[in-house]
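> Sharing input-v7.tsv (TSV, C-alpha atoms) below.
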```tsv
chain	number	residue	atom	x	y	z
X	549	MET	CA	0.00	0.00	0.00
X	550	THR	CA	1.44	3.34	-1.05
X	551	VAL	CA	0.93	6.27	1.28
X	552	GLU	CA	1.46	9.74	-0.11
X	553	PHE	CA	2.30	12.87	1.87
X	554	ASN	CA	1.38	16.40	0.98
X	555	ARG	CA	3.96	19.20	1.20
X	556	ASP	CA	2.98	20.23	4.75
X	557	GLU	CA	3.18	16.67	6.03
X	558	LEU	CA	6.55	16.15	4.37
X	559	GLY	CA	7.79	19.45	5.80
X	560	SER	CA	6.70	18.41	9.25
X	561	ILE	CA	8.47	15.03	8.92
X	562	VAL	CA	11.72	16.62	7.74
X	563	LEU	CA	11.83	19.32	10.44
X	564	ASP	CA	10.85	16.85	13.17
X	565	SER	CA	13.50	14.41	11.97
X	566	TYR	CA	16.21	17.03	12.51
X	567	GLU	CA	14.79	17.87	15.94
X	568	LEU	CA	14.91	14.16	16.76
X	569	MET	CA	18.45	13.73	15.44
X	570	LEU	CA	19.66	16.59	17.64
X	571	GLU	CA	18.58	14.63	20.73
X	572	ILE	CA	20.96	11.79	19.85
X	573	PRO	CA	24.09	12.04	22.00
X	574	SER	CA	26.73	14.00	20.02
X	575	PRO	CA	29.11	11.91	17.92
X	576	ASN	CA	32.53	10.90	19.21
X	577	LYS	CA	35.57	11.69	17.10
X	578	LYS	CA	37.69	8.63	16.44
X	579	GLY	CA	40.63	9.42	14.18
X	580	ASP	CA	39.16	11.16	11.15
X	581	LYS	CA	35.70	9.70	11.71
X	582	TYR	CA	32.73	10.77	13.81
X	583	GLU	CA	30.73	7.94	15.35
X	584	ILE	CA	27.36	7.93	17.08
X	585	PRO	CA	27.33	5.78	20.21
X	586	SER	CA	24.57	3.14	19.95
X	587	ARG	CA	24.18	3.83	16.22
X	588	GLY	CA	23.23	0.16	15.71
X	589	LYS	CA	20.25	0.43	18.07
X	590	LEU	CA	19.00	3.53	16.28
X	591	LYS	CA	19.40	1.93	12.86
X	592	ASN	CA	17.44	-1.12	14.04
X	593	LEU	CA	14.50	0.91	15.37
X	594	PRO	CA	12.36	0.64	12.20
X	595	GLU	CA	12.40	-3.18	12.46
X	596	ALA	CA	9.88	-3.06	15.30
X	597	LEU	CA	7.49	-1.17	13.01
X	598	ARG	CA	7.47	-4.19	10.71
X	599	GLU	CA	6.66	-6.76	13.43
X	600	PHE	CA	2.90	-6.62	12.79
X	601	GLU	CA	0.98	-6.17	9.59
X	602	ASP	CA	-1.78	-4.25	11.32
X	603	PRO	CA	-0.61	-0.62	11.63
X	604	GLN	CA	-1.91	0.10	15.16
X	605	SER	CA	-0.34	-3.09	16.49
X	606	ALA	CA	2.91	-2.15	14.75
X	607	ILE	CA	2.92	1.34	16.28
X	608	LEU	CA	2.16	-0.07	19.73
X	609	HIS	CA	4.97	-2.63	19.45
X	610	PHE	CA	7.40	-0.07	18.05
X	611	THR	CA	6.77	2.37	20.91
X	612	LYS	CA	7.14	-0.29	23.56
X	613	SER	CA	10.28	-1.83	22.13
X	614	ALA	CA	11.92	1.61	21.76
X	615	SER	CA	11.09	2.38	25.41
X	616	TYR	CA	12.38	-0.98	26.55
X	617	PHE	CA	15.55	-1.29	24.48
X	618	LEU	CA	16.90	2.24	24.00
X	619	PRO	CA	17.61	3.19	27.64
X	620	ARG	CA	19.02	-0.28	28.28
X	621	SER	CA	21.61	0.14	25.52
X	622	ASP	CA	22.59	3.69	26.48
X	623	ALA	CA	21.16	5.77	29.34
X	624	LYS	CA	22.05	8.91	27.35
X	625	LEU	CA	19.37	7.98	24.82
X	626	SER	CA	16.59	8.86	27.27
X	627	ASP	CA	16.24	12.43	25.89
X	628	TYR	CA	16.04	10.97	22.39
X	629	LEU	CA	13.36	8.55	23.57
X	630	GLN	CA	11.29	11.33	25.13
X	631	MET	CA	11.50	13.34	21.90
X	632	LEU	CA	10.60	10.27	19.85
X	633	LEU	CA	7.52	9.57	21.99
X	634	SER	CA	6.39	13.20	21.82
X	635	LYS	CA	6.74	13.10	18.02
X	636	VAL	CA	4.74	9.86	17.83
X	637	GLN	CA	2.02	11.45	19.98
X	638	LYS	CA	2.02	14.56	17.76
X	639	ILE	CA	1.59	12.42	14.63
X	640	GLN	CA	-1.23	10.45	16.28
X	641	ARG	CA	-3.01	13.72	17.12
X	642	GLU	CA	-2.61	15.14	13.62
X	643	GLU	CA	-3.51	12.02	11.67
X	644	SER	CA	-6.41	9.60	12.08
X	645	ASP	CA	-5.47	6.95	9.49
X	646	PRO	CA	-3.33	4.33	11.30
X	647	GLU	CA	-1.56	3.31	8.08
X	648	LYS	CA	-0.50	6.89	7.49
X	649	ILE	CA	0.61	7.28	11.12
X	650	ARG	CA	2.86	4.25	10.72
X	651	GLU	CA	4.34	5.62	7.51
X	652	ARG	CA	4.97	9.05	9.03
X	653	ILE	CA	6.79	7.42	11.95
X	654	ARG	CA	8.78	5.25	9.55
X	655	TYR	CA	9.89	8.28	7.53
X	656	LEU	CA	10.58	10.30	10.68
X	657	ILE	CA	13.05	7.72	11.97
X	658	GLY	CA	14.43	6.96	8.53
X	659	TYR	CA	15.19	10.62	7.78
X	660	SER	CA	16.63	11.15	11.25
X	661	ASN	CA	18.96	8.18	10.78
X	662	TRP	CA	19.98	9.31	7.28
X	663	SER	CA	20.72	12.82	8.55
X	664	MET	CA	22.74	11.38	11.44
X	665	ASP	CA	24.94	9.45	8.99
X	666	ALA	CA	25.12	12.30	6.47
X	667	VAL	CA	26.27	14.94	8.95
X	668	CYS	CA	28.77	12.55	10.56
X	669	ASN	CA	30.26	11.97	7.09
X	670	ILE	CA	30.47	15.71	6.52
X	671	PHE	CA	32.11	16.21	9.93
X	672	GLY	CA	34.73	13.59	9.09
X	673	MET	CA	35.43	14.74	5.55
X	674	SER	CA	35.77	18.46	6.20
X	675	ALA	CA	39.02	20.22	6.99
X	676	SER	CA	37.55	22.91	9.25
X	677	ASP	CA	34.38	23.90	11.08
X	678	GLN	CA	33.82	26.57	8.45
X	679	GLN	CA	33.81	23.89	5.76
X	680	VAL	CA	31.49	21.73	7.86
X	681	ARG	CA	29.09	24.64	8.21
X	682	GLU	CA	29.08	25.31	4.46
X	683	ARG	CA	28.52	21.69	3.53
X	684	VAL	CA	25.81	21.13	6.13
X	685	HIS	CA	24.17	24.36	4.96
X	686	THR	CA	24.17	23.15	1.34
X	687	MET	CA	22.60	19.84	2.36
X	688	VAL	CA	19.91	21.27	4.64
X	689	ASN	CA	19.13	24.08	2.20
X	690	ALA	CA	18.59	21.59	-0.62
X	691	GLU	CA	16.17	19.55	1.53
X	692	LEU	CA	14.23	22.42	3.02
X	693	GLY	CA	14.07	24.24	-0.32
X	694	LEU	CA	11.91	21.42	-1.66
X	695	ILE	CA	9.32	22.01	1.03
X	696	ASP	CA	9.48	25.83	1.06
X	697	ARG	CA	11.07	26.01	4.51
X	698	GLU	CA	14.28	27.91	3.65
X	699	LYS	CA	13.64	30.18	6.63
X	700	ASP	CA	14.53	27.31	8.98
X	701	VAL	CA	17.88	26.47	7.35
X	702	ASP	CA	20.17	28.73	9.41
X	703	ILE	CA	18.54	27.69	12.70
X	704	ILE	CA	19.01	23.99	11.94
X	705	VAL	CA	22.59	24.49	10.75
X	706	ASP	CA	23.45	26.40	13.96
X	707	LYS	CA	21.98	23.59	16.04
X	708	ILE	CA	23.92	20.96	14.13
X	709	MET	CA	27.16	22.90	14.69
X	710	LYS	CA	26.43	23.09	18.41
X	711	TRP	CA	25.59	19.39	18.42
X	712	LYS	CA	28.95	18.67	16.78
X	713	SER	CA	30.79	20.66	19.41
X	714	ASN	CA	29.04	18.53	22.04
X	715	ASN	CA	27.33	21.45	23.69
X	716	PRO	CA	23.92	20.25	24.88
X	717	ARG	CA	23.09	23.58	26.51
X	718	GLY	CA	23.36	25.26	23.14
X	719	ARG	CA	20.40	23.36	21.66
G	1493	MET	CA	-5.42	-8.16	15.32
G	1494	SER	CA	-5.09	-4.54	16.48
G	1495	SER	CA	-7.95	-4.72	18.97
G	1496	ASN	CA	-6.52	-8.01	20.24
G	1497	LEU	CA	-3.01	-6.67	20.78
G	1498	ILE	CA	-4.33	-3.42	22.23
G	1499	GLU	CA	-6.42	-5.45	24.69
G	1500	ILE	CA	-3.49	-7.70	25.60
G	1501	ASN	CA	-1.28	-4.67	26.14
G	1502	GLN	CA	-3.91	-3.00	28.34
G	1503	TYR	CA	-3.87	-6.05	30.61
G	1504	ALA	CA	-0.08	-6.20	30.46
G	1505	TRP	CA	0.12	-2.65	31.82
G	1506	GLU	CA	-2.44	-3.33	34.56
G	1507	LEU	CA	-0.53	-6.45	35.61
G	1508	ALA	CA	2.80	-4.62	35.56
G	1509	THR	CA	1.48	-1.98	37.97
G	1510	LEU	CA	0.29	-4.78	40.28
G	1511	ALA	CA	3.80	-6.29	40.34
G	1512	MET	CA	5.59	-3.10	41.41
G	1513	TRP	CA	7.35	-2.90	44.72
G	1514	LYS	CA	9.06	0.01	46.45
G	1515	ALA	CA	12.45	-0.89	47.85
G	1516	GLY	CA	14.18	2.11	49.38
G	1517	LYS	CA	14.61	4.64	46.61
G	1518	GLU	CA	13.98	2.08	43.89
G	1519	LEU	CA	10.77	1.03	42.21
G	1520	LYS	CA	11.02	-2.53	40.95
G	1521	ALA	CA	9.13	-5.80	40.57
G	1522	TYR	CA	8.40	-7.60	43.83
G	1523	SER	CA	10.60	-10.38	42.41
G	1524	THR	CA	12.15	-10.20	38.94
G	1525	ASP	CA	13.17	-13.86	39.26
G	1526	GLN	CA	9.58	-14.87	39.96
G	1527	ILE	CA	8.30	-12.84	37.00
G	1528	ARG	CA	10.92	-14.47	34.76
G	1529	ARG	CA	9.89	-17.91	36.02
G	1530	ILE	CA	6.27	-17.12	35.17
G	1531	VAL	CA	7.29	-15.85	31.71
G	1532	ALA	CA	9.28	-19.05	31.10
G	1533	ALA	CA	6.32	-21.19	32.22
G	1534	GLY	CA	4.07	-19.19	29.88
G	1535	ASN	CA	6.04	-20.40	26.87
G	1536	SER	CA	4.26	-23.75	27.11
G	1537	GLY	CA	0.88	-22.03	27.29
G	1538	ASN	CA	-0.04	-24.46	30.07
G	1539	ILE	CA	-1.89	-22.45	32.70
G	1540	ASN	CA	-1.34	-25.12	35.36
G	1541	ASP	CA	2.44	-24.63	35.03
G	1542	ILE	CA	1.96	-20.92	35.69
G	1543	LYS	CA	-0.38	-21.63	38.63
G	1544	ASN	CA	2.24	-23.93	40.18
G	1545	ILE	CA	4.96	-21.28	39.90
G	1546	ILE	CA	2.66	-18.76	41.58
G	1547	ASP	CA	1.64	-21.17	44.36
G	1548	GLN	CA	5.22	-22.23	45.08
G	1549	TYR	CA	6.56	-18.70	45.51
G	1550	SER	CA	8.55	-18.40	48.68
G	1551	PRO	CA	10.44	-15.11	49.01
G	1552	ALA	CA	13.79	-15.13	50.76
G	1553	PRO	CA	14.52	-12.51	53.41
G	1554	PRO	CA	16.54	-9.53	52.12
G	1555	GLN	CA	20.32	-9.82	52.38
G	1556	GLY	CA	21.61	-9.38	55.91
G	1557	LYS	CA	18.26	-10.20	57.54
G	1558	LYS	CA	17.01	-13.40	59.14
G	1559	GLU	CA	13.55	-14.67	58.23
G	1560	TYR	CA	12.02	-13.61	61.57
G	1561	GLN	CA	13.37	-10.07	61.03
G	1562	ALA	CA	11.71	-9.75	57.62
G	1563	GLN	CA	8.36	-11.38	58.28
G	1564	GLY	CA	6.36	-8.27	57.36
G	1565	GLU	CA	8.14	-7.89	54.03
G	1566	ILE	CA	7.87	-11.60	53.22
G	1567	ARG	CA	4.16	-11.55	53.99
G	1568	ALA	CA	3.66	-8.45	51.82
G	1569	LYS	CA	5.57	-10.03	48.91
G	1570	ARG	CA	3.49	-13.21	49.18
G	1571	GLN	CA	0.36	-11.10	49.00
G	1572	LYS	CA	1.72	-9.21	45.97
G	1573	ASN	CA	2.48	-12.51	44.26
G	1574	LYS	CA	-1.04	-13.75	45.06
G	1575	ASP	CA	-2.75	-10.60	43.74
G	1576	PHE	CA	-0.58	-10.49	40.64
G	1577	GLY	CA	-0.98	-14.24	40.06
G	1578	ASN	CA	-4.77	-14.29	40.50
G	1579	ASN	CA	-5.19	-11.40	38.08
G	1580	LEU	CA	-2.83	-13.00	35.59
G	1581	ILE	CA	-4.66	-16.34	35.65
G	1582	GLN	CA	-7.97	-14.55	35.16
G	1583	VAL	CA	-6.60	-12.68	32.13
G	1584	ILE	CA	-4.93	-15.63	30.41
G	1585	SER	CA	-7.66	-18.22	30.92
G	1586	GLU	CA	-9.00	-19.33	27.55
G	1587	ARG	CA	-6.37	-17.46	25.56
G	1588	ASP	CA	-4.15	-19.15	23.02
G	1589	VAL	CA	-0.44	-19.75	23.60
G	1590	GLU	CA	0.67	-16.93	21.30
G	1591	ASP	CA	-1.43	-14.39	23.21
G	1592	ILE	CA	-0.17	-15.66	26.58
G	1593	GLN	CA	3.44	-15.42	25.44
G	1594	ARG	CA	2.97	-11.90	24.08
G	1595	LEU	CA	1.13	-10.78	27.22
G	1596	LEU	CA	3.88	-12.07	29.50
G	1597	GLN	CA	6.62	-10.56	27.32
G	1598	TYR	CA	4.84	-7.20	27.53
G	1599	VAL	CA	4.34	-7.51	31.31
G	1600	LEU	CA	8.08	-7.98	31.71
G	1601	TRP	CA	8.93	-5.11	29.34
G	1602	ASN	CA	6.40	-2.82	31.04
G	1603	ILE	CA	7.92	-3.58	34.44
G	1604	LYS	CA	11.36	-2.65	33.10
G	1605	ILE	CA	9.97	0.52	31.50
G	1606	LEU	CA	8.39	1.50	34.84
G	1607	GLU	CA	11.59	0.74	36.75
G	1608	TYR	CA	13.68	2.83	34.39
G	1609	ALA	CA	11.23	5.77	34.29
G	1610	TYR	CA	11.15	5.89	38.10
G	1611	LYS	CA	14.93	5.68	38.37
G	1612	LYS	CA	15.22	8.62	36.00
G	1613	SER	CA	12.39	10.87	37.15
G	1614	GLU	CA	11.26	9.55	40.56
G	1615	ASP	CA	7.72	10.68	41.44
G	1616	LYS	CA	7.39	12.60	38.14
G	1617	PHE	CA	7.73	9.31	36.26
G	1618	ILE	CA	3.95	9.04	35.92
G	1619	ASP	CA	3.95	11.91	33.39
G	1620	GLU	CA	6.49	10.05	31.27
G	1621	ILE	CA	4.53	6.84	31.52
G	1622	ALA	CA	1.35	8.70	30.52
G	1623	LEU	CA	3.05	9.75	27.27
G	1624	GLU	CA	4.12	6.18	26.64
G	1625	LEU	CA	0.58	4.93	27.27
G	1626	ASP	CA	-0.89	7.47	24.86
G	1627	CYS	CA	1.46	6.31	22.12
G	1628	GLU	CA	0.50	2.67	22.79
G	1629	TYR	CA	-3.28	3.32	22.56
G	1630	VAL	CA	-3.69	2.38	26.23
G	1631	ASN	CA	-6.66	3.58	28.26
G	1632	LYS	CA	-4.34	5.23	30.72
G	1633	GLU	CA	-6.58	6.34	33.60
G	1634	LYS	CA	-6.55	2.99	35.38
G	1635	ILE	CA	-2.78	2.59	34.96
G	1636	THR	CA	-1.79	6.07	36.09
G	1637	GLY	CA	-4.38	5.83	38.89
G	1638	ASN	CA	-2.81	2.58	40.16
G	1639	LEU	CA	0.65	4.14	40.04
G	1640	LYS	CA	-0.43	7.30	41.87
G	1641	GLN	CA	-2.13	5.22	44.53
G	1642	PHE	CA	0.97	3.07	44.88
G	1643	ILE	CA	3.29	6.06	45.25
G	1644	ASP	CA	0.93	7.76	47.75
G	1645	ASP	CA	0.62	4.57	49.85
G	1646	ASN	CA	4.38	4.20	50.00
G	1647	ARG	CA	4.83	7.85	50.90
G	1648	ARG	CA	2.36	7.45	53.77
G	1649	LYS	CA	4.16	4.30	54.96
G	1650	GLY	CA	7.49	6.13	54.77
G	1651	ASN	CA	6.12	9.08	56.76
G	1652	SER	CA	4.73	6.86	59.51
G	1653	ARG	CA	8.07	4.98	59.71
G	1654	ASP	CA	9.89	8.31	60.06
G	1655	LYS	CA	7.55	9.38	62.86
G	1656	ARG	CA	8.14	6.12	64.73
G	1657	ARG	CA	11.92	6.59	64.45
G	1658	ARG	CA	11.64	10.08	65.95
```
Could you render the structure from this file as C-alpha cells?


Amino acid sequence: MTVEFNRDELGSIVLDSYELMLEIPSPNKKGDKYEIPSRGKLKNLPEALREFEDPQSAILHFTKSASYFLPRSDAKLSDYLQMLLSKVQKIQREESDPEKIRERIRYLIGYSNWSMDAVCNIFGMSASDQQVRERVHTMVNAELGLIDREKDVDIIVDKIMKWKSNNPRGR
Amino acid sequence: MSSNLIEINQYAWELATLAMWKAGKELKAYSTDQIRRIVAAGNSGNINDIKNIIDQYSPAPPQGKKEYQAQGEIRAKRQKNKDFGNNLIQVISERDVEDIQRLLQYVLWNIKILEYAYKKSEDKFIDEIALELDCEYVNKEKITGNLKQFIDDNRRKGNSRDKRRR
C-alpha cells in the first residue's frame, strides 16, 4: 500500500527528523571519523514497526520496544526517547489513518537516521568547522528548499554545529 | 489483530502496575526472578504450570536479615504474588499460547519501562509513563491511577516509619 504525503506533512516530517536527530548524543571523534554511540540500536528501530501487519499493532509494538531497548543500551538515549515519543504522539493527534501514522513514523526515523549518517560523514570529511558549516548548509538548504522552509535552514545548521561541538546547553 | 493486541497490552500494563514494589529509593518488581519464572512457564501455554509457579513462591529474606526479622516484608511479597498471580490467571484463561506469550513478554517489558522511568524521574515518572501509554493506545486512567495510589501509599508508609523513628 502506497501512502502519499502532501507538502505540509513532508515538511513536518523533515523538520521533526532534525529535531529528533539533535537529541541523539553527540558523535565521538575517532581518528578522522565521527561515530554515534549506539548507532546500531537507532538503525534497528524501524524493524519493530514491521513486526505486525496491522498498523496500530505495529505502532504499539514499536513504541514499547523503543522504550524498553533504548535506555538499556545507552542511558544517554533517554532524551532521544522522550523526543521520539512526543513526536509519535504529535503524529497520532494530527492524523487519524493508522496506516498513514505508521508511515509518518517510519519516515521520521528513517530521515533522522539518514541525517545522522550524512552529517557525521560531513564532519569527518571536512578540513575545518567553516567547511562543515558550508557543507551542512548546502545539504539542509537543498532539503528544506523542496518544502518551502528555507527560513529554517540557518537555525538547523546552527543547532547541528552546536551538536557537533558537544554542547547540549546550546540546543 | 489490532484490537486483540491493544487489549493484551492494556492487561499487560495493569498487571505490571500490580507487580511493582518500592524498595528504598527504587521502584522494581516484587521479584524479577519470579516474574521471569512465570514468563518461562508461559512459553508452554499451560496455565497449570503458571499456577504452580505462583503457588510455590517463597520469598527469601533480604540480604543481611534473618527470616524472623523480615516477616512483614515476606508476607507483603506473598500477598503481591497472590494478587498479581490471580489477576494474571484470570486474564490468560482461555487465551491461546501466542497471546499468553505476548502478554507475559509485555508484562516484563512494562515492568522494566516502569523501573527505568522511576529511576530517571522519581515521582514525576507518571507523566512520562502517561506519554508512553498514549502512544501505545492504552486507556491510561486505570494505569496512572494505580501508580499514583501506589506512590501515595508508599509515601504514607514512609512518613509513619519516620515518625516512629523520631

> Tell me which of G:Ser1550, G:Asn1544, G:Asn1496, G:Thr1509 sits closest to Ile1621 of chain G, counting all atoms listed in the file.

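Looking only at the distances to Ile1621 of chain G, the closest residue turns out to be G:Thr1509.
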
> Calculate how many Å separate atom CA of Ala1622 of chain G from atom CA of Ile1635 of chain G, rounding to one decimal.

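Pair atom CA of Ala1622 of chain G / atom CA of Ile1635 of chain G returns 8.6 Å.
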
> Env of segment 628-640 of chain X: 6 Å cut, atoms = all atoms listed in the file, seq-sep filter 6 positions within chain, self excluded. Answer as an MDAnalysis selection string.

(chainID X and resid 571:572) or (chainID G and resid 1627)

> Between X:Asp564, X:Asp622, X:Leu608, X:Ser586, which residue has the minimum interatomic distance to Gln1502 of chain G, considering all atoms listed in the file?

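The closest residue to Gln1502 of chain G is X:Leu608.
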
> Quick one: everything within 12 Å of Arg1587 of chain G, counting all atoms listed in the file, minus sequence neighbours fewer than 3 positions away in the same chain. Send it as a list in words.

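Listed by chain and then number, they are Asn1496, Ile1500, Gly1534, Gly1537, Asn1538, Ile1539, Leu1580, Ile1581, Gln1582, Val1583, Ile1584, Glu1590, Asp1591, Ile1592, Gln1593, Arg1594 and Leu1595 of chain G.
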
> Each residue of chain X with at least one atom at most 9 Å from chain G should appear once, together with its nearest atom pair and the corresponding distance in Å (one decimal); atoms considered: all atoms listed in the file; ordering: chain, then increasing residue number; output as CSV.


```
residue,atom,partner,partner_atom,distance
X:Phe600,CA,G:Met1493,CA,8.8
X:Glu601,CA,G:Met1493,CA,8.8
X:Asp602,CA,G:Ser1494,CA,6.1
X:Pro603,CA,G:Ser1494,CA,7.7
X:Gln604,CA,G:Ser1494,CA,5.8
X:Ser605,CA,G:Ser1494,CA,5.0
X:Ala606,CA,G:Ser1494,CA,8.5
X:Ile607,CA,G:Glu1628,CA,7.1
X:Leu608,CA,G:Glu1628,CA,4.4
X:His609,CA,G:Glu1628,CA,7.7
X:Phe610,CA,G:Glu1628,CA,8.8
X:Thr611,CA,G:Glu1628,CA,6.6
X:Lys612,CA,G:Glu1628,CA,7.3
X:Ser613,CA,G:Trp1601,CA,8.0
X:Ser615,CA,G:Ile1605,CA,6.5
X:Tyr616,CA,G:Ile1605,CA,5.7
X:Pro619,CA,G:Tyr1608,CA,7.8
X:Arg620,CA,G:Tyr1608,CA,8.7
X:Ser626,CA,G:Lys1612,CA,8.8
X:Gln630,CA,G:Glu1620,CA,7.9
X:Leu633,CA,G:Glu1624,CA,6.7
X:Ser634,CA,G:Leu1623,CA,7.3
X:Val636,CA,G:Cys1627,CA,6.5
X:Gln637,CA,G:Cys1627,CA,5.6
X:Gln640,CA,G:Cys1627,CA,7.6
```

> Write out as a PyMOL selection string which residues come within 12 Å of Glu567 of chain X when counting all atoms listed in the file, dropping same-chain ones fewer than 5 positions away.

chain X and resi 560-562+572+627-628+630-632+634-635+656-657+659-661+663-664+700+703-705+707-708+711+719

> Calculate how many Å separate atom CA of Ala1552 of chain G from atom CA of Ala1568 of chain G, rounding to one decimal.

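Atom CA of Ala1568 of chain G lies 12.2 Å from atom CA of Ala1552 of chain G.
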
> One decimal, Å: what's the distance from atom CA of Asp706 of chain X over to atom CA of Tyr566 of chain X, could you say?

11.9 Å

> Write out as a PyMOL selection string the residues lying within 9 Å of Ala1562 of chain G, counting all atoms listed in the file and excluding same-chain residues fewer than 5 positions away.

chain G and resi 1552-1554+1557+1567

> Identify which of the residues G:Leu1519, G:Leu1507, G:Ala1533, G:Ile1542 lies closest to Ser1585 of chain G, counting only C-alpha atoms when measuring atom-to-atom distances.

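Once distances to Ser1585 of chain G are computed over only C-alpha atoms, the minimum belongs to G:Ile1542.
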
> Nearest to Lys1632 of chain G: which of G:Ile1618, G:Tyr1522, G:Asp1644, G:Lys1611 is it, counting only C-alpha atoms?

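Counting only C-alpha atoms, the residue closest to Lys1632 of chain G is G:Ile1618.
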
> I'd like the box whose edges run along x, y and z of the file and which contains every listed atom of segment 1536-1550 of chain G, padded by 4 Å per side; could you state its centre and edge lengths in Å, one decimal, as JSON?


```
{"center_x": 3.3, "center_y": -21.8, "center_z": 37.9, "size_x": 18.4, "size_y": 14.7, "size_z": 29.6}
```

> Can you pull out every residue within 9 Å of Asp580 of chain X, counting only C-alpha atoms, but drop anything in the same chain fewer than 2 positions away, and send it as a PyMOL selection string?

chain X and resi 577-578+582+671-673

> Keeping only C-alpha atoms, take the residues you just selected and write them out as a CSV table (one decimal), in the frame of the given file.


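Final file, selection-v2.csv:
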```
chain,number,residue,atom,x,y,z
X,577,LYS,CA,35.6,11.7,17.1
X,578,LYS,CA,37.7,8.6,16.4
X,582,TYR,CA,32.7,10.8,13.8
X,671,PHE,CA,32.1,16.2,9.9
X,672,GLY,CA,34.7,13.6,9.1
X,673,MET,CA,35.4,14.7,5.6
```
